[in-house]
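Have a look at input-v4.cif below; it lists mmCIF, C-alpha atoms and all ligand atoms.
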data_final
loop_
_atom_site.group_PDB
_atom_site.id
_atom_site.type_symbol
_atom_site.label_atom_id
_atom_site.label_comp_id
_atom_site.auth_asym_id
_atom_site.auth_seq_id
_atom_site.Cartn_x
_atom_site.Cartn_y
_atom_site.Cartn_z
ATOM 1 C CA MET S 1 -56.067 -17.768 42.874
ATOM 2 C CA SER S 2 -58.051 -20.578 44.434
ATOM 3 C CA SER S 3 -58.125 -24.055 42.984
ATOM 4 C CA ILE S 4 -61.258 -25.372 41.294
ATOM 5 C CA ARG S 5 -61.415 -27.946 44.061
ATOM 6 C CA ASP S 6 -61.427 -25.318 46.822
ATOM 7 C CA PHE S 7 -63.867 -23.013 45.051
ATOM 8 C CA MET S 8 -66.351 -25.774 44.258
ATOM 9 C CA GLY S 9 -65.859 -27.557 47.599
ATOM 10 C CA ASP S 10 -66.840 -24.314 49.386
ATOM 11 C CA ALA S 11 -70.000 -24.218 47.279
ATOM 12 C CA HIS S 12 -70.865 -27.756 48.394
ATOM 13 C CA ARG S 13 -70.523 -26.662 52.025
ATOM 14 C CA ALA S 14 -72.759 -23.630 51.460
ATOM 15 C CA CYS S 15 -75.447 -25.871 49.926
ATOM 16 C CA ASP S 16 -75.125 -28.294 52.850
ATOM 17 C CA GLU S 17 -75.845 -25.473 55.302
ATOM 18 C CA LEU S 18 -78.988 -24.431 53.440
ATOM 19 C CA PHE S 19 -80.103 -28.066 53.245
ATOM 20 C CA ALA S 20 -79.667 -28.434 57.031
ATOM 21 C CA ALA S 21 -81.547 -25.186 57.738
ATOM 22 C CA ALA S 22 -84.508 -26.390 55.669
ATOM 23 C CA GLU S 23 -84.538 -29.786 57.312
ATOM 24 C CA GLU S 24 -84.410 -28.266 60.776
ATOM 25 C CA ALA S 25 -87.375 -26.003 60.000
ATOM 26 C CA VAL S 26 -89.391 -28.938 58.608
ATOM 27 C CA ALA S 27 -88.663 -30.960 61.737
ATOM 28 C CA LYS S 28 -90.124 -28.057 63.765
ATOM 29 C CA ASN S 29 -93.115 -27.781 61.439
ATOM 30 C CA ASP S 30 -92.127 -24.199 60.692
ATOM 31 C CA TRP S 31 -93.262 -24.344 57.069
ATOM 32 C CA ALA S 32 -92.777 -20.689 56.187
ATOM 33 C CA ARG S 33 -89.123 -20.895 57.165
ATOM 34 C CA ALA S 34 -88.783 -24.403 55.716
ATOM 35 C CA ARG S 35 -90.088 -23.393 52.282
ATOM 36 C CA ASP S 36 -87.860 -20.337 52.227
ATOM 37 C CA ALA S 37 -84.754 -22.297 53.236
ATOM 38 C CA PHE S 38 -85.576 -25.120 50.831
ATOM 39 C CA GLU S 39 -85.981 -22.702 47.905
ATOM 40 C CA ARG S 40 -82.636 -21.109 48.750
ATOM 41 C CA PHE S 41 -81.055 -24.570 48.910
ATOM 42 C CA ARG S 42 -82.576 -25.602 45.597
ATOM 43 C CA HIS S 43 -81.613 -22.353 43.902
ATOM 44 C CA ALA S 44 -77.986 -22.588 45.092
ATOM 45 C CA THR S 45 -77.753 -26.256 44.114
ATOM 46 C CA LEU S 46 -79.192 -25.732 40.626
ATOM 47 C CA HIS S 47 -76.841 -22.793 40.135
ATOM 48 C CA HIS S 48 -73.915 -25.002 41.168
ATOM 49 C CA PHE S 49 -75.037 -27.733 38.739
ATOM 50 C CA ARG S 50 -75.083 -25.153 35.927
ATOM 51 C CA MET S 51 -71.521 -24.105 36.769
ATOM 52 C CA GLU S 52 -70.522 -27.717 36.315
ATOM 53 C CA GLU S 53 -72.685 -28.651 33.334
ATOM 54 C CA ASP S 54 -72.336 -25.421 31.361
ATOM 55 C CA VAL S 55 -68.728 -24.441 32.138
ATOM 56 C CA LEU S 56 -66.520 -26.852 34.065
ATOM 57 C CA PHE S 57 -67.468 -30.184 32.509
ATOM 58 C CA PRO S 58 -67.392 -28.955 28.888
ATOM 59 C CA ALA S 59 -63.986 -27.308 29.485
ATOM 60 C CA PHE S 60 -62.655 -30.561 30.948
ATOM 61 C CA GLU S 61 -64.178 -32.667 28.169
ATOM 62 C CA THR S 62 -62.728 -30.419 25.467
ATOM 63 C CA ARG S 63 -59.279 -30.414 27.058
ATOM 64 C CA THR S 64 -59.056 -34.169 27.753
ATOM 65 C CA GLY S 65 -61.352 -35.669 25.110
ATOM 66 C CA MET S 66 -62.981 -37.615 27.973
ATOM 67 C CA SER S 67 -66.656 -36.975 27.338
ATOM 68 C CA MET S 68 -68.006 -40.386 28.352
ATOM 69 C CA GLY S 69 -66.089 -40.640 31.635
ATOM 70 C CA PRO S 70 -66.641 -39.149 35.090
ATOM 71 C CA THR S 71 -68.464 -36.046 33.840
ATOM 72 C CA GLN S 72 -71.179 -38.232 32.304
ATOM 73 C CA VAL S 73 -71.615 -40.077 35.602
ATOM 74 C CA MET S 74 -71.917 -36.738 37.440
ATOM 75 C CA ARG S 75 -74.483 -35.428 34.933
ATOM 76 C CA GLY S 76 -76.568 -38.555 35.512
ATOM 77 C CA GLU S 77 -76.487 -38.019 39.266
ATOM 78 C CA HIS S 78 -77.528 -34.388 38.801
ATOM 79 C CA VAL S 79 -80.648 -35.685 37.008
ATOM 80 C CA GLN S 80 -81.474 -37.891 40.005
ATOM 81 C CA MET S 81 -80.872 -35.025 42.452
ATOM 82 C CA ARG S 82 -83.010 -32.596 40.430
ATOM 83 C CA ASP S 83 -85.796 -35.156 40.531
ATOM 84 C CA LEU S 84 -85.505 -35.586 44.301
ATOM 85 C CA MET S 85 -85.588 -31.808 44.795
ATOM 86 C CA GLU S 86 -88.820 -31.708 42.762
ATOM 87 C CA GLN S 87 -90.304 -34.253 45.124
ATOM 88 C CA MET S 88 -89.089 -32.302 48.150
ATOM 89 C CA ALA S 89 -90.668 -29.137 46.719
ATOM 90 C CA ALA S 90 -93.990 -30.922 46.295
ATOM 91 C CA ALA S 91 -93.800 -32.241 49.869
ATOM 92 C CA ALA S 92 -92.924 -28.769 51.191
ATOM 93 C CA ASN S 93 -95.853 -27.214 49.323
ATOM 94 C CA ALA S 94 -98.172 -29.884 50.718
ATOM 95 C CA GLY S 95 -96.768 -29.455 54.227
ATOM 96 C CA ASP S 96 -95.995 -33.193 54.336
ATOM 97 C CA ALA S 97 -93.077 -33.565 56.762
ATOM 98 C CA ASN S 98 -92.729 -37.352 56.403
ATOM 99 C CA ALA S 99 -92.497 -37.183 52.633
ATOM 100 C CA TYR S 100 -90.115 -34.234 52.768
ATOM 101 C CA LEU S 101 -87.777 -35.867 55.282
ATOM 102 C CA GLY S 102 -87.810 -39.172 53.387
ATOM 103 C CA HIS S 103 -86.810 -37.573 50.083
ATOM 104 C CA ALA S 104 -84.329 -35.348 51.914
ATOM 105 C CA GLU S 105 -82.591 -38.365 53.407
ATOM 106 C CA THR S 106 -82.266 -40.008 49.996
ATOM 107 C CA LEU S 107 -81.014 -36.779 48.460
ATOM 108 C CA ASN S 108 -78.492 -36.188 51.213
ATOM 109 C CA MET S 109 -76.995 -39.653 50.840
ATOM 110 C CA LEU S 110 -76.697 -39.244 47.086
ATOM 111 C CA MET S 111 -75.408 -35.688 47.393
ATOM 112 C CA GLN S 112 -72.683 -36.508 49.939
ATOM 113 C CA GLN S 113 -71.386 -39.390 47.813
ATOM 114 C CA HIS S 114 -71.563 -37.239 44.692
ATOM 115 C CA ASN S 115 -69.707 -34.360 46.328
ATOM 116 C CA MET S 116 -66.995 -36.683 47.658
ATOM 117 C CA LYS S 117 -66.398 -38.087 44.174
ATOM 118 C CA GLU S 118 -66.128 -34.579 42.779
ATOM 119 C CA GLU S 119 -63.887 -33.251 45.542
ATOM 120 C CA ASN S 120 -61.600 -36.294 45.748
ATOM 121 C CA VAL S 121 -61.450 -37.307 42.095
ATOM 122 C CA LEU S 122 -63.033 -35.079 39.469
ATOM 123 C CA TYR S 123 -62.141 -31.588 40.734
ATOM 124 C CA PRO S 124 -58.453 -32.515 41.212
ATOM 125 C CA MET S 125 -58.527 -33.902 37.645
ATOM 126 C CA THR S 126 -59.966 -30.615 36.382
ATOM 127 C CA ASP S 127 -57.365 -28.620 38.331
ATOM 128 C CA GLN S 128 -54.663 -30.605 36.593
ATOM 129 C CA ALA S 129 -56.174 -30.723 33.106
ATOM 130 C CA LEU S 130 -57.204 -27.048 33.112
ATOM 131 C CA ALA S 131 -54.141 -25.660 34.900
ATOM 132 C CA GLY S 132 -53.375 -23.283 32.030
ATOM 133 C CA GLU S 133 -56.906 -21.869 31.821
ATOM 134 C CA ARG S 134 -58.053 -22.205 35.435
ATOM 135 C CA GLU S 135 -58.559 -18.476 35.984
ATOM 136 C CA ASP S 136 -60.765 -18.227 32.869
ATOM 137 C CA VAL S 137 -62.816 -21.234 33.948
ATOM 138 C CA LEU S 138 -63.305 -19.855 37.474
ATOM 139 C CA GLN S 139 -64.332 -16.470 36.060
ATOM 140 C CA ALA S 140 -66.772 -18.053 33.614
ATOM 141 C CA MET S 141 -68.387 -20.003 36.467
ATOM 142 C CA GLN S 142 -68.629 -16.904 38.654
ATOM 143 C CA GLY S 143 -70.052 -14.928 35.742
ATOM 144 C CA LEU S 144 -73.021 -17.233 35.178
ATOM 145 C CA PRO S 145 -76.353 -15.480 35.765
ATOM 146 C CA ASP S 146 -77.811 -16.338 39.148
HETATM 147 FE FE FE O 1 -71.997 -32.147 40.605
HETATM 148 FE FE FE O 2 -70.433 -30.115 42.650
#
Written as structure tokens, that's how I'd like the structure from this file.
Amino acid sequence: MSSIRDFMGDAHRACDELFAAAEEAVAKNDWARARDAFERFRHATLHHFRMEEDVLFPAFETRTGMSMGPTQVMRGEHVQMRDLMEQMAAAANAGDANAYLGHAETLNMLMQQHNMKEENVLYPMTDQALAGEREDVLQAMQGLPD
């Protein structure tokens, strides 16, 4: 049975790879590949956010009673990242490489800091707080519709 930290950390890495593939295609002006890679990145990232917002965070909040703590900060950063992905989508549709790469840089900075906070602080807290129900939580996250 993997830890929440390992399972969710692997998901961060998978999203990073899709992000890099999209950026590389944009840099080469290969827009068909860029749009495809970006949509896969966005889809995987939004799916990951739902695992957190719909399953992991509520389970943690219920168990610990901490609903205004780190999970609220993470939810707020998800809002910012969703907004940046919207702007990247618009830039990709317009074929505007400068705009895309600018928003991508902002997103990547935010995303790396966000992921570090989750992997170093929040996920270990969830592993500890949810130790008795970890398997159920992992299954519920994996069972979310794509
Ligand atoms: Fe997150
Ligand atoms: Fe995450």
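If you measure from each of S:Ala34, S:Leu46, S:Met111, S:Leu130 to Glu86 (chain S) using only C-alpha atoms, the closest one turns out to be S:Leu46.
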Which residues form the shell of 7 Å around ligand FE 2 (chain O) when you count all atoms listed in the file, given as a PyMOL selection string?
-> chain S and resi 8+12+48-49+52+115+118
Produce as a ChimeraX atom specification the set of residues near ligand FE 1 (chain O), where near means within 12 Å with only C-alpha atoms and all ligand atoms considered.
-> /S:5,8-9,11-12,15,45-57,70-82,110-119,121-123
Run the PyMOL selection byres (((chain S and resi 102) around 12) and not hetatm) against the file shown and list the residues it catches, as an NGL selection string.
-> :S and (23 or 26-27 or 84-85 or 87-88 or 91-92 or 96-101 or 103-109)
What gap, in Å, lies between CA of Arg42 (chain S) and CA of Leu144 (chain S)?
->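 Going from CA of Arg42 (chain S) over to CA of Leu144 (chain S) covers 16.4 Å.
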